[in-house]
$ cat data20.tsv   # TSV, C-alpha atoms
chain	number	residue	atom	x	y	z
A	1382	MET	CA	31.78	-71.26	28.25
A	1383	ILE	CA	32.94	-67.77	29.14
A	1384	THR	CA	34.86	-66.12	26.32
A	1385	LEU	CA	37.03	-63.03	26.05
A	1386	GLY	CA	34.11	-61.21	24.42
A	1387	ASP	CA	31.95	-61.57	27.56
A	1388	TYR	CA	34.55	-59.85	29.69
A	1389	LEU	CA	35.00	-57.11	27.07
A	1390	ILE	CA	31.25	-56.48	26.89
A	1391	VAL	CA	30.90	-56.32	30.68
A	1392	SER	CA	33.85	-53.93	30.81
A	1393	GLY	CA	32.33	-51.78	28.06
A	1394	ILE	CA	28.98	-51.56	29.86
A	1395	LEU	CA	30.77	-50.56	33.07
A	1396	PHE	CA	32.62	-47.84	31.15
A	1397	ALA	CA	29.31	-46.59	29.69
A	1398	ILE	CA	27.78	-46.47	33.20
A	1399	GLY	CA	30.70	-44.40	34.45
A	1400	PHE	CA	30.47	-42.13	31.43
A	1401	ALA	CA	26.74	-41.60	31.97
A	1402	GLY	CA	27.48	-40.79	35.61
A	1403	VAL	CA	29.97	-38.10	34.63
A	1404	MET	CA	27.50	-36.61	32.15
A	1405	LEU	CA	24.38	-36.76	34.35
A	1406	ARG	CA	25.42	-36.04	37.91
A	1407	ARG	CA	26.06	-32.54	39.18
A	1408	ASN	CA	27.80	-33.43	42.44
A	1409	ILE	CA	31.60	-33.32	42.16
A	1410	ILE	CA	32.12	-36.25	44.52
A	1411	ILE	CA	29.77	-38.49	42.51
A	1412	ILE	CA	31.58	-37.41	39.33
A	1413	LEU	CA	34.89	-38.53	40.87
A	1414	MET	CA	33.30	-41.89	41.75
A	1415	ALA	CA	32.09	-42.32	38.17
A	1416	LEU	CA	35.64	-41.59	36.97
A	1417	GLU	CA	36.82	-44.44	39.20
A	1418	LEU	CA	34.25	-46.72	37.53
A	1419	MET	CA	35.66	-45.86	34.09
A	1420	LEU	CA	39.26	-46.53	35.19
A	1421	ASN	CA	38.18	-49.89	36.58
A	1422	ALA	CA	36.43	-50.82	33.35
A	1423	ALA	CA	39.73	-50.27	31.55
A	1424	ASN	CA	41.49	-52.42	34.17
A	1425	LEU	CA	39.02	-55.26	33.64
A	1426	SER	CA	39.62	-55.38	29.89
A	1427	LEU	CA	43.41	-55.21	30.42
A	1428	VAL	CA	43.33	-58.17	32.80
A	1429	ALA	CA	41.05	-60.12	30.42
A	1430	PHE	CA	43.53	-59.60	27.56
A	1431	SER	CA	46.38	-60.56	29.88
A	1432	ARG	CA	44.66	-63.87	30.66
A	1433	PHE	CA	43.83	-64.43	26.99
A	1434	HIS	CA	47.40	-63.97	25.76
A	1435	VAL	CA	49.03	-67.12	27.16
A	1436	ASP	CA	52.65	-68.01	26.33
A	1437	PRO	CA	53.56	-71.45	24.96
A	1438	SER	CA	54.86	-72.23	28.46
A	1439	GLY	CA	51.35	-71.66	29.85
A	1440	VAL	CA	51.97	-68.32	31.58
A	1441	PRO	CA	49.65	-65.32	31.10
A	1442	ASN	CA	51.09	-62.04	29.87
A	1443	TYR	CA	51.99	-60.16	33.04
A	1444	ASN	CA	52.83	-56.87	31.29
A	1445	ALA	CA	49.14	-55.95	31.32
A	1446	GLN	CA	48.91	-56.66	35.04
A	1447	VAL	CA	51.88	-54.38	35.71
A	1448	PHE	CA	50.01	-51.75	33.71
A	1449	VAL	CA	46.92	-52.27	35.90
A	1450	PHE	CA	49.15	-51.77	38.94
A	1451	PHE	CA	50.30	-48.42	37.53
A	1452	ILE	CA	46.72	-47.38	36.73
A	1453	ILE	CA	45.62	-48.15	40.29
A	1454	THR	CA	48.52	-46.09	41.66
A	1455	VAL	CA	47.76	-43.11	39.43
A	1456	ALA	CA	44.06	-43.37	40.31
A	1457	ALA	CA	44.90	-43.23	44.02
A	1458	ALA	CA	46.98	-40.08	43.48
A	1459	GLU	CA	44.26	-38.55	41.30
A	1460	VAL	CA	41.52	-39.19	43.85
A	1461	SER	CA	43.50	-37.77	46.75
A	1462	VAL	CA	44.31	-34.55	44.86
A	1463	GLY	CA	40.75	-34.30	43.53
A	1464	LEU	CA	39.20	-34.66	46.97
A	1465	ALA	CA	41.64	-32.08	48.41
A	1466	ILE	CA	40.49	-29.65	45.70
A	1467	VAL	CA	36.84	-30.42	46.59
A	1468	VAL	CA	37.53	-29.69	50.26
A	1469	ALA	CA	39.28	-26.40	49.40
A	1470	LEU	CA	36.40	-25.46	47.10
A	1471	PHE	CA	33.82	-26.32	49.76
A	1472	ARG	CA	35.58	-24.02	52.21
A	1473	LEU	CA	35.34	-21.13	49.79
A	1474	ARG	CA	31.90	-21.68	48.25
A	1475	ARG	CA	29.96	-24.02	50.60
A	1476	THR	CA	28.84	-26.18	47.67
A	1477	THR	CA	29.85	-29.28	45.75
A	1478	ASN	CA	27.44	-28.74	42.88
A	1479	VAL	CA	29.17	-28.05	39.59
A	1480	GLU	CA	26.40	-25.69	38.44
A	1481	ASP	CA	27.18	-23.33	41.31
A	1482	ILE	CA	30.85	-23.14	40.35
A	1483	SER	CA	30.89	-21.25	37.10
A	1484	SER	CA	33.38	-18.39	37.56
A	1485	LEU	CA	35.60	-19.73	34.79
A	1486	LYS	CA	32.71	-20.48	32.44
A	1487	PHE	CA	32.90	-18.61	29.16
B	1141	MET	CA	35.38	-70.23	36.91
B	1142	SER	CA	31.94	-71.46	36.09
B	1143	PRO	CA	29.78	-69.29	33.83
B	1144	PHE	CA	27.21	-69.04	36.64
B	1145	LEU	CA	29.66	-67.34	39.01
B	1146	PHE	CA	30.90	-65.07	36.23
B	1147	TRP	CA	27.40	-63.80	35.47
B	1148	ILE	CA	26.56	-63.41	39.18
B	1149	PHE	CA	29.58	-61.20	39.79
B	1150	ALA	CA	29.28	-59.32	36.50
B	1151	LEU	CA	25.61	-58.51	37.18
B	1152	MET	CA	26.43	-57.51	40.76
B	1153	MET	CA	29.16	-55.17	39.50
B	1154	LEU	CA	26.90	-53.57	36.88
B	1155	ILE	CA	23.83	-53.24	39.14
B	1156	PHE	CA	25.79	-51.59	41.95
B	1157	GLY	CA	27.59	-49.45	39.35
B	1158	VAL	CA	24.19	-48.15	38.24
B	1159	ALA	CA	23.25	-47.66	41.90
B	1160	VAL	CA	26.29	-45.38	42.28
B	1161	ILE	CA	24.97	-42.93	39.74
B	1162	ILE	CA	21.26	-43.04	40.59
B	1163	ASN	CA	21.45	-42.73	44.39
B	1164	ARG	CA	20.77	-39.23	45.67
B	1165	ASN	CA	22.57	-39.82	48.96
B	1166	PRO	CA	26.38	-39.63	48.52
B	1167	VAL	CA	27.02	-42.14	51.33
B	1168	ALA	CA	24.79	-44.72	49.62
B	1169	SER	CA	26.65	-44.08	46.36
B	1170	ALA	CA	30.01	-44.66	48.03
B	1171	LEU	CA	28.86	-47.90	49.65
B	1172	SER	CA	27.46	-49.14	46.31
B	1173	LEU	CA	30.82	-48.37	44.75
B	1174	VAL	CA	32.52	-50.54	47.41
B	1175	VAL	CA	30.26	-53.50	46.52
B	1176	SER	CA	30.89	-52.91	42.81
B	1177	PHE	CA	34.66	-52.95	43.38
B	1178	LEU	CA	34.45	-56.14	45.43
B	1179	ALA	CA	32.58	-57.87	42.59
B	1180	LEU	CA	35.21	-56.56	40.18
B	1181	ALA	CA	37.93	-58.05	42.39
B	1182	ALA	CA	36.11	-61.39	42.15
B	1183	LEU	CA	36.19	-61.07	38.34
B	1184	PHE	CA	39.94	-60.38	38.47
B	1185	ILE	CA	40.44	-63.52	40.56
B	1186	SER	CA	38.34	-65.47	38.05
B	1187	LEU	CA	40.92	-64.42	35.44
B	1188	ASP	CA	43.73	-65.91	37.60
B	1189	ALA	CA	45.01	-62.43	38.43
B	1190	TYR	CA	45.26	-62.95	42.19
B	1191	PHE	CA	47.65	-60.07	42.85
B	1192	VAL	CA	45.51	-57.53	40.98
B	1193	GLY	CA	42.37	-58.80	42.70
B	1194	ILE	CA	43.88	-58.41	46.16
B	1195	ILE	CA	45.29	-54.97	45.30
B	1196	GLN	CA	41.81	-54.02	44.11
B	1197	VAL	CA	40.29	-54.95	47.47
B	1198	LEU	CA	43.06	-53.36	49.55
B	1199	VAL	CA	43.60	-50.13	47.61
B	1200	TYR	CA	40.19	-49.42	46.07
B	1201	ALA	CA	37.62	-50.96	48.38
B	1202	GLY	CA	39.84	-50.25	51.39
B	1203	ALA	CA	41.84	-47.05	51.05
B	1204	ILE	CA	40.20	-45.00	48.28
B	1205	MET	CA	36.62	-45.61	49.35
B	1206	VAL	CA	37.42	-44.84	52.98
B	1207	LEU	CA	38.89	-41.56	51.73
B	1208	PHE	CA	35.66	-40.85	49.82
B	1209	LEU	CA	33.47	-41.66	52.84
B	1210	PHE	CA	35.71	-39.58	55.09
B	1211	ILE	CA	35.40	-36.54	52.80
B	1212	ILE	CA	31.62	-36.99	52.44
B	1213	MET	CA	31.25	-37.04	56.22
B	1214	LEU	CA	33.74	-34.17	56.67
B	1215	LEU	CA	31.74	-31.96	54.29
B	1216	ASP	CA	28.49	-33.17	55.91
B	1217	LEU	CA	26.73	-33.60	52.57
B	1218	ARG	CA	23.03	-34.35	52.77
B	1219	ALA	CA	21.03	-36.03	50.04
B	1220	GLU	CA	20.70	-33.56	47.21
B	1221	GLU	CA	17.44	-31.71	46.97
B	1222	LEU	CA	15.65	-32.16	43.70
B	1223	ARG	CA	16.68	-29.46	41.31
B	1224	LYS	CA	15.11	-28.69	37.99
B	1225	ILE	CA	16.64	-31.31	35.72
B	1226	ASN	CA	18.12	-30.08	32.47
B	1227	TRP	CA	16.36	-32.60	30.24
B	1228	VAL	CA	18.33	-31.81	27.07
B	1229	ALA	CA	21.69	-32.35	28.78
B	1230	SER	CA	20.49	-35.53	30.53
B	1231	ALA	CA	19.06	-37.01	27.34
B	1232	GLY	CA	22.31	-36.17	25.56
B	1233	GLY	CA	24.38	-37.92	28.23
B	1234	VAL	CA	22.21	-41.06	28.17
B	1235	ALA	CA	22.20	-41.09	24.36
B	1236	VAL	CA	26.00	-40.88	24.15
B	1237	ALA	CA	26.39	-43.65	26.76
B	1238	LEU	CA	23.90	-45.86	24.87
B	1239	ALA	CA	25.68	-45.20	21.58
B	1240	LEU	CA	28.96	-46.23	23.23
B	1241	THR	CA	27.38	-49.47	24.49
B	1242	VAL	CA	25.93	-50.32	21.07
B	1243	GLN	CA	29.27	-49.60	19.46
B	1244	ILE	CA	31.09	-51.89	21.91
B	1245	PHE	CA	28.56	-54.66	21.29
B	1246	SER	CA	28.99	-54.42	17.53
B	1247	VAL	CA	32.80	-54.25	17.67
B	1248	VAL	CA	33.09	-57.20	20.09
B	1249	GLY	CA	30.48	-59.10	18.07
B	1250	SER	CA	32.50	-58.80	14.88
B	1251	PHE	CA	35.81	-59.59	16.62
B	1252	GLN	CA	36.47	-63.26	15.81
B	1253	VAL	CA	39.23	-63.75	18.42
B	1254	ALA	CA	36.81	-62.76	21.19
B	1255	LYS	CA	34.67	-65.84	20.51
B	1256	GLN	CA	37.40	-68.28	21.55
B	1257	PRO	CA	37.50	-69.54	25.13
B	1258	PHE	CA	40.48	-68.71	27.32
B	1259	PRO	CA	43.49	-70.98	26.70
B	1260	PRO	CA	44.43	-73.21	29.64
B	1261	LEU	CA	47.26	-72.23	31.96
B	1262	ALA	CA	50.17	-74.37	33.09
B	1263	ARG	CA	49.69	-75.81	36.58
B	1264	SER	CA	52.39	-73.79	38.32
B	1265	THR	CA	51.23	-70.23	37.58
B	1266	SER	CA	49.98	-69.22	41.00
B	1267	ASP	CA	53.22	-67.29	41.66
B	1268	ASP	CA	52.00	-64.15	39.93
B	1269	VAL	CA	53.21	-61.83	42.71
B	1270	HIS	CA	56.73	-63.15	42.08
B	1271	ARG	CA	56.49	-62.62	38.33
B	1272	ILE	CA	54.89	-59.17	38.56
B	1273	GLY	CA	57.56	-58.15	41.06
B	1274	PHE	CA	60.32	-59.23	38.71
B	1275	LEU	CA	58.76	-57.27	35.82
B	1276	LEU	CA	58.20	-54.23	38.03
B	1277	PHE	CA	61.78	-54.06	39.26
B	1278	GLY	CA	63.31	-55.27	35.97
B	1279	ASN	CA	61.68	-54.10	32.74
B	1280	TYR	CA	59.55	-51.42	34.35
B	1281	ASN	CA	62.06	-50.04	36.82
B	1282	LEU	CA	62.02	-46.48	35.45
B	1283	PRO	CA	58.20	-46.19	35.30
B	1284	PHE	CA	58.08	-47.62	38.82
B	1285	GLN	CA	60.35	-44.84	40.10
B	1286	ILE	CA	58.37	-42.22	38.18
B	1287	ILE	CA	55.17	-43.48	39.79
B	1288	GLY	CA	56.87	-43.04	43.16
B	1289	ILE	CA	57.57	-39.39	42.29
B	1290	VAL	CA	53.91	-38.99	41.23
B	1291	ILE	CA	52.75	-40.26	44.62
B	1292	LEU	CA	55.20	-37.93	46.39
B	1293	VAL	CA	54.01	-34.91	44.37
B	1294	ALA	CA	50.37	-35.84	45.06
B	1295	THR	CA	51.08	-36.07	48.79
B	1296	ILE	CA	52.77	-32.66	48.91
B	1297	GLY	CA	50.03	-31.18	46.72
B	1298	VAL	CA	47.29	-32.47	49.02
B	1299	VAL	CA	49.03	-31.03	52.07
B	1300	ILE	CA	49.40	-27.63	50.40
B	1301	LEU	CA	45.83	-27.62	49.04
B	1302	SER	CA	44.22	-28.47	52.34
B	1303	ARG	CA	46.32	-26.14	54.45
B	1304	ARG	CA	44.35	-23.33	56.05
B	1305	GLU	CA	45.52	-19.88	54.98
B	1306	THR	CA	47.43	-18.19	57.78
B	1307	ARG	CA	47.76	-14.50	57.27

$ encode --input "data20.tsv" --output "structure tokens"
Amino acid sequence: MITLGDYLIVSGILFAIGFAGVMLRRNIIIILMALELMLNAANLSLVAFSRFHVDPSGVPNYNAQVFVFFIITVAAAEVSVGLAIVVALFRLRRTTNVEDISSLKF
Amino acid sequence: MSPFLFWIFALMMLIFGVAVIINRNPVASALSLVVSFLALAALFISLDAYFVGIIQVLVYAGAIMVLFLFIIMLLDLRAEELRKINWVASAGGVAVALALTVQIFSVVGSFQVAKQPFPPLARSTSDDVHRIGFLLFGNYNLPFQIIGIVILVATIGVVILSRRETR
């Protein structure tokens, strides 16, 4: 029998994978992809809680699914702006490696 | 959803998620991310969230990943050459991620509610698009309009950022 805890653990492992990707990779585009993985891990646990919280009339709690909708929208906006910044940066510096972009580093 | 299908899709999602961060070729990473998102959409559908699952396929696996692939091909990125790896930073990243995983396991393990199976749904709950639409345009009308402004600002910002300087 699949329980709520199984979904939460899978979502937590996915979040940890995305986090490790942000920490380990040096390519900006891969870092953006790992950010997407973390956002999706949060979505999975939201939907699992939505399914777990069932009304007496037998309807899941749709507030969490509306929240997932908002997260997906914000993620789409974030990715489009992020990739536009990467393209602008690539035009200036010819690189997507974060170690080569250190002008603002203290 | 049978436990077998759940574990198949969960493992598929996690394995391709790991493939995203260990592939050296950015195109292979992006395609692994597509497979990971498709498996995640299957998990959403297993939770009776049909609308969210379909949005996941259309918006993430469709639109966002095509944008990623388009940018990777526009920038003509090759597979990264091997650089000297900063072992201290890498070990730190892996250690923090492992600590996070262990923490999640212990918290979920001691969370009594999480050991109960999902309660059954009433028969007539396949109209989730209808219900989400009512919530979106009723209770969440103001956030919905704000999100529209966010999308508009992002669109204008992208156009301005990617414009070539004309002097």

$ residues_around --input "data20.tsv" --residues "region 1275-1288 of chain B" --least-positions-apart "4" --cutoff "12 Å" --atoms "all atoms listed in the file" --output "list in words"
Asn1442, Tyr1443, Asn1444, Ala1445, Gln1446, Val1447, Phe1448, Val1449, Phe1450, Phe1451, Ile1452, Ile1453, Thr1454, Val1455, Ala1456, Ala1457 and Ala1458 of chain A; Asp1268, Val1269, His1270, Arg1271, Leu1292, Val1293, Ala1294 and Thr1295 of chain B

$ closest_residue --input "data20.tsv" --among "A:Asn1408, A:Thr1384, A:Ser1483, A:Asn1424" --to "chain B" --atoms "all atoms listed in the file"
A:Thr1384

$ interface_residues --input "data20.tsv" --of "chain A" --to "chain B" --cutoff "8 Å" --atoms "all atoms listed in the file" --output "ChimeraX atom specification"
/A:1382-1386,1389-1391,1393-1395,1397-1402,1404-1406,1410-1411,1414-1415,1418,1425,1428-1429,1432-1433,1435,1438-1441,1443-1444,1446-1447,1449-1451,1453-1455,1457-1462,1464-1466,1468-1469,1471

$ write_last_selection --input "data20.tsv" --atoms "C-alpha atoms" --output "PDB file, in the frame of the given file"
ATOM      1  CA  MET A1382      31.780 -71.260  28.250  1.00  0.00           C
ATOM      2  CA  ILE A1383      32.940 -67.770  29.140  1.00  0.00           C
ATOM      3  CA  THR A1384      34.860 -66.120  26.320  1.00  0.00           C
ATOM      4  CA  LEU A1385      37.030 -63.030  26.050  1.00  0.00           C
ATOM      5  CA  GLY A1386      34.110 -61.210  24.420  1.00  0.00           C
ATOM      6  CA  LEU A1389      35.000 -57.110  27.070  1.00  0.00           C
ATOM      7  CA  ILE A1390      31.250 -56.480  26.890  1.00  0.00           C
ATOM      8  CA  VAL A1391      30.900 -56.320  30.680  1.00  0.00           C
ATOM      9  CA  GLY A1393      32.330 -51.780  28.060  1.00  0.00           C
ATOM     10  CA  ILE A1394      28.980 -51.560  29.860  1.00  0.00           C
ATOM     11  CA  LEU A1395      30.770 -50.560  33.070  1.00  0.00           C
ATOM     12  CA  ALA A1397      29.310 -46.590  29.690  1.00  0.00           C
ATOM     13  CA  ILE A1398      27.780 -46.470  33.200  1.00  0.00           C
ATOM     14  CA  GLY A1399      30.700 -44.400  34.450  1.00  0.00           C
ATOM     15  CA  PHE A1400      30.470 -42.130  31.430  1.00  0.00           C
ATOM     16  CA  ALA A1401      26.740 -41.600  31.970  1.00  0.00           C
ATOM     17  CA  GLY A1402      27.480 -40.790  35.610  1.00  0.00           C
ATOM     18  CA  MET A1404      27.500 -36.610  32.150  1.00  0.00           C
ATOM     19  CA  LEU A1405      24.380 -36.760  34.350  1.00  0.00           C
ATOM     20  CA  ARG A1406      25.420 -36.040  37.910  1.00  0.00           C
ATOM     21  CA  ILE A1410      32.120 -36.250  44.520  1.00  0.00           C
ATOM     22  CA  ILE A1411      29.770 -38.490  42.510  1.00  0.00           C
ATOM     23  CA  MET A1414      33.300 -41.890  41.750  1.00  0.00           C
ATOM     24  CA  ALA A1415      32.090 -42.320  38.170  1.00  0.00           C
ATOM     25  CA  LEU A1418      34.250 -46.720  37.530  1.00  0.00           C
ATOM     26  CA  LEU A1425      39.020 -55.260  33.640  1.00  0.00           C
ATOM     27  CA  VAL A1428      43.330 -58.170  32.800  1.00  0.00           C
ATOM     28  CA  ALA A1429      41.050 -60.120  30.420  1.00  0.00           C
ATOM     29  CA  ARG A1432      44.660 -63.870  30.660  1.00  0.00           C
ATOM     30  CA  PHE A1433      43.830 -64.430  26.990  1.00  0.00           C
ATOM     31  CA  VAL A1435      49.030 -67.120  27.160  1.00  0.00           C
ATOM     32  CA  SER A1438      54.860 -72.230  28.460  1.00  0.00           C
ATOM     33  CA  GLY A1439      51.350 -71.660  29.850  1.00  0.00           C
ATOM     34  CA  VAL A1440      51.970 -68.320  31.580  1.00  0.00           C
ATOM     35  CA  PRO A1441      49.650 -65.320  31.100  1.00  0.00           C
ATOM     36  CA  TYR A1443      51.990 -60.160  33.040  1.00  0.00           C
ATOM     37  CA  ASN A1444      52.830 -56.870  31.290  1.00  0.00           C
ATOM     38  CA  GLN A1446      48.910 -56.660  35.040  1.00  0.00           C
ATOM     39  CA  VAL A1447      51.880 -54.380  35.710  1.00  0.00           C
ATOM     40  CA  VAL A1449      46.920 -52.270  35.900  1.00  0.00           C
ATOM     41  CA  PHE A1450      49.150 -51.770  38.940  1.00  0.00           C
ATOM     42  CA  PHE A1451      50.300 -48.420  37.530  1.00  0.00           C
ATOM     43  CA  ILE A1453      45.620 -48.150  40.290  1.00  0.00           C
ATOM     44  CA  THR A1454      48.520 -46.090  41.660  1.00  0.00           C
ATOM     45  CA  VAL A1455      47.760 -43.110  39.430  1.00  0.00           C
ATOM     46  CA  ALA A1457      44.900 -43.230  44.020  1.00  0.00           C
ATOM     47  CA  ALA A1458      46.980 -40.080  43.480  1.00  0.00           C
ATOM     48  CA  GLU A1459      44.260 -38.550  41.300  1.00  0.00           C
ATOM     49  CA  VAL A1460      41.520 -39.190  43.850  1.00  0.00           C
ATOM     50  CA  SER A1461      43.500 -37.770  46.750  1.00  0.00           C
ATOM     51  CA  VAL A1462      44.310 -34.550  44.860  1.00  0.00           C
ATOM     52  CA  LEU A1464      39.200 -34.660  46.970  1.00  0.00           C
ATOM     53  CA  ALA A1465      41.640 -32.080  48.410  1.00  0.00           C
ATOM     54  CA  ILE A1466      40.490 -29.650  45.700  1.00  0.00           C
ATOM     55  CA  VAL A1468      37.530 -29.690  50.260  1.00  0.00           C
ATOM     56  CA  ALA A1469      39.280 -26.400  49.400  1.00  0.00           C
ATOM     57  CA  PHE A1471      33.820 -26.320  49.760  1.00  0.00           C
TER      58      PHE A1471
END

$ atom_distance --input "data20.tsv" --atom1 "CA of Ser1431 (chain A)" --atom2 "CA of Asp1267 (chain B)"
15.2 Å

$ atom_distance --input "data20.tsv" --atom1 "CA of Ser1392 (chain A)" --atom2 "CA of Ser1426 (chain A)"
6.0 Å

$ atom_distance --input "data20.tsv" --atom1 "CA of Met1152 (chain B)" --atom2 "CA of Ala1179 (chain B)"
6.4 Å

$ closest_residue --input "data20.tsv" --among "A:Asp1387, A:Arg1407, A:Gly1463, A:Phe1396" --to "Thr1477 (chain A)" --atoms "all atoms listed in the file"
A:Arg1407

$ closest_residue --input "data20.tsv" --among "B:Leu1145, B:Asp1216, B:Val1174, B:Glu1305" --to "Thr1476 (chain A)" --atoms "only C-alpha atoms"
B:Asp1216
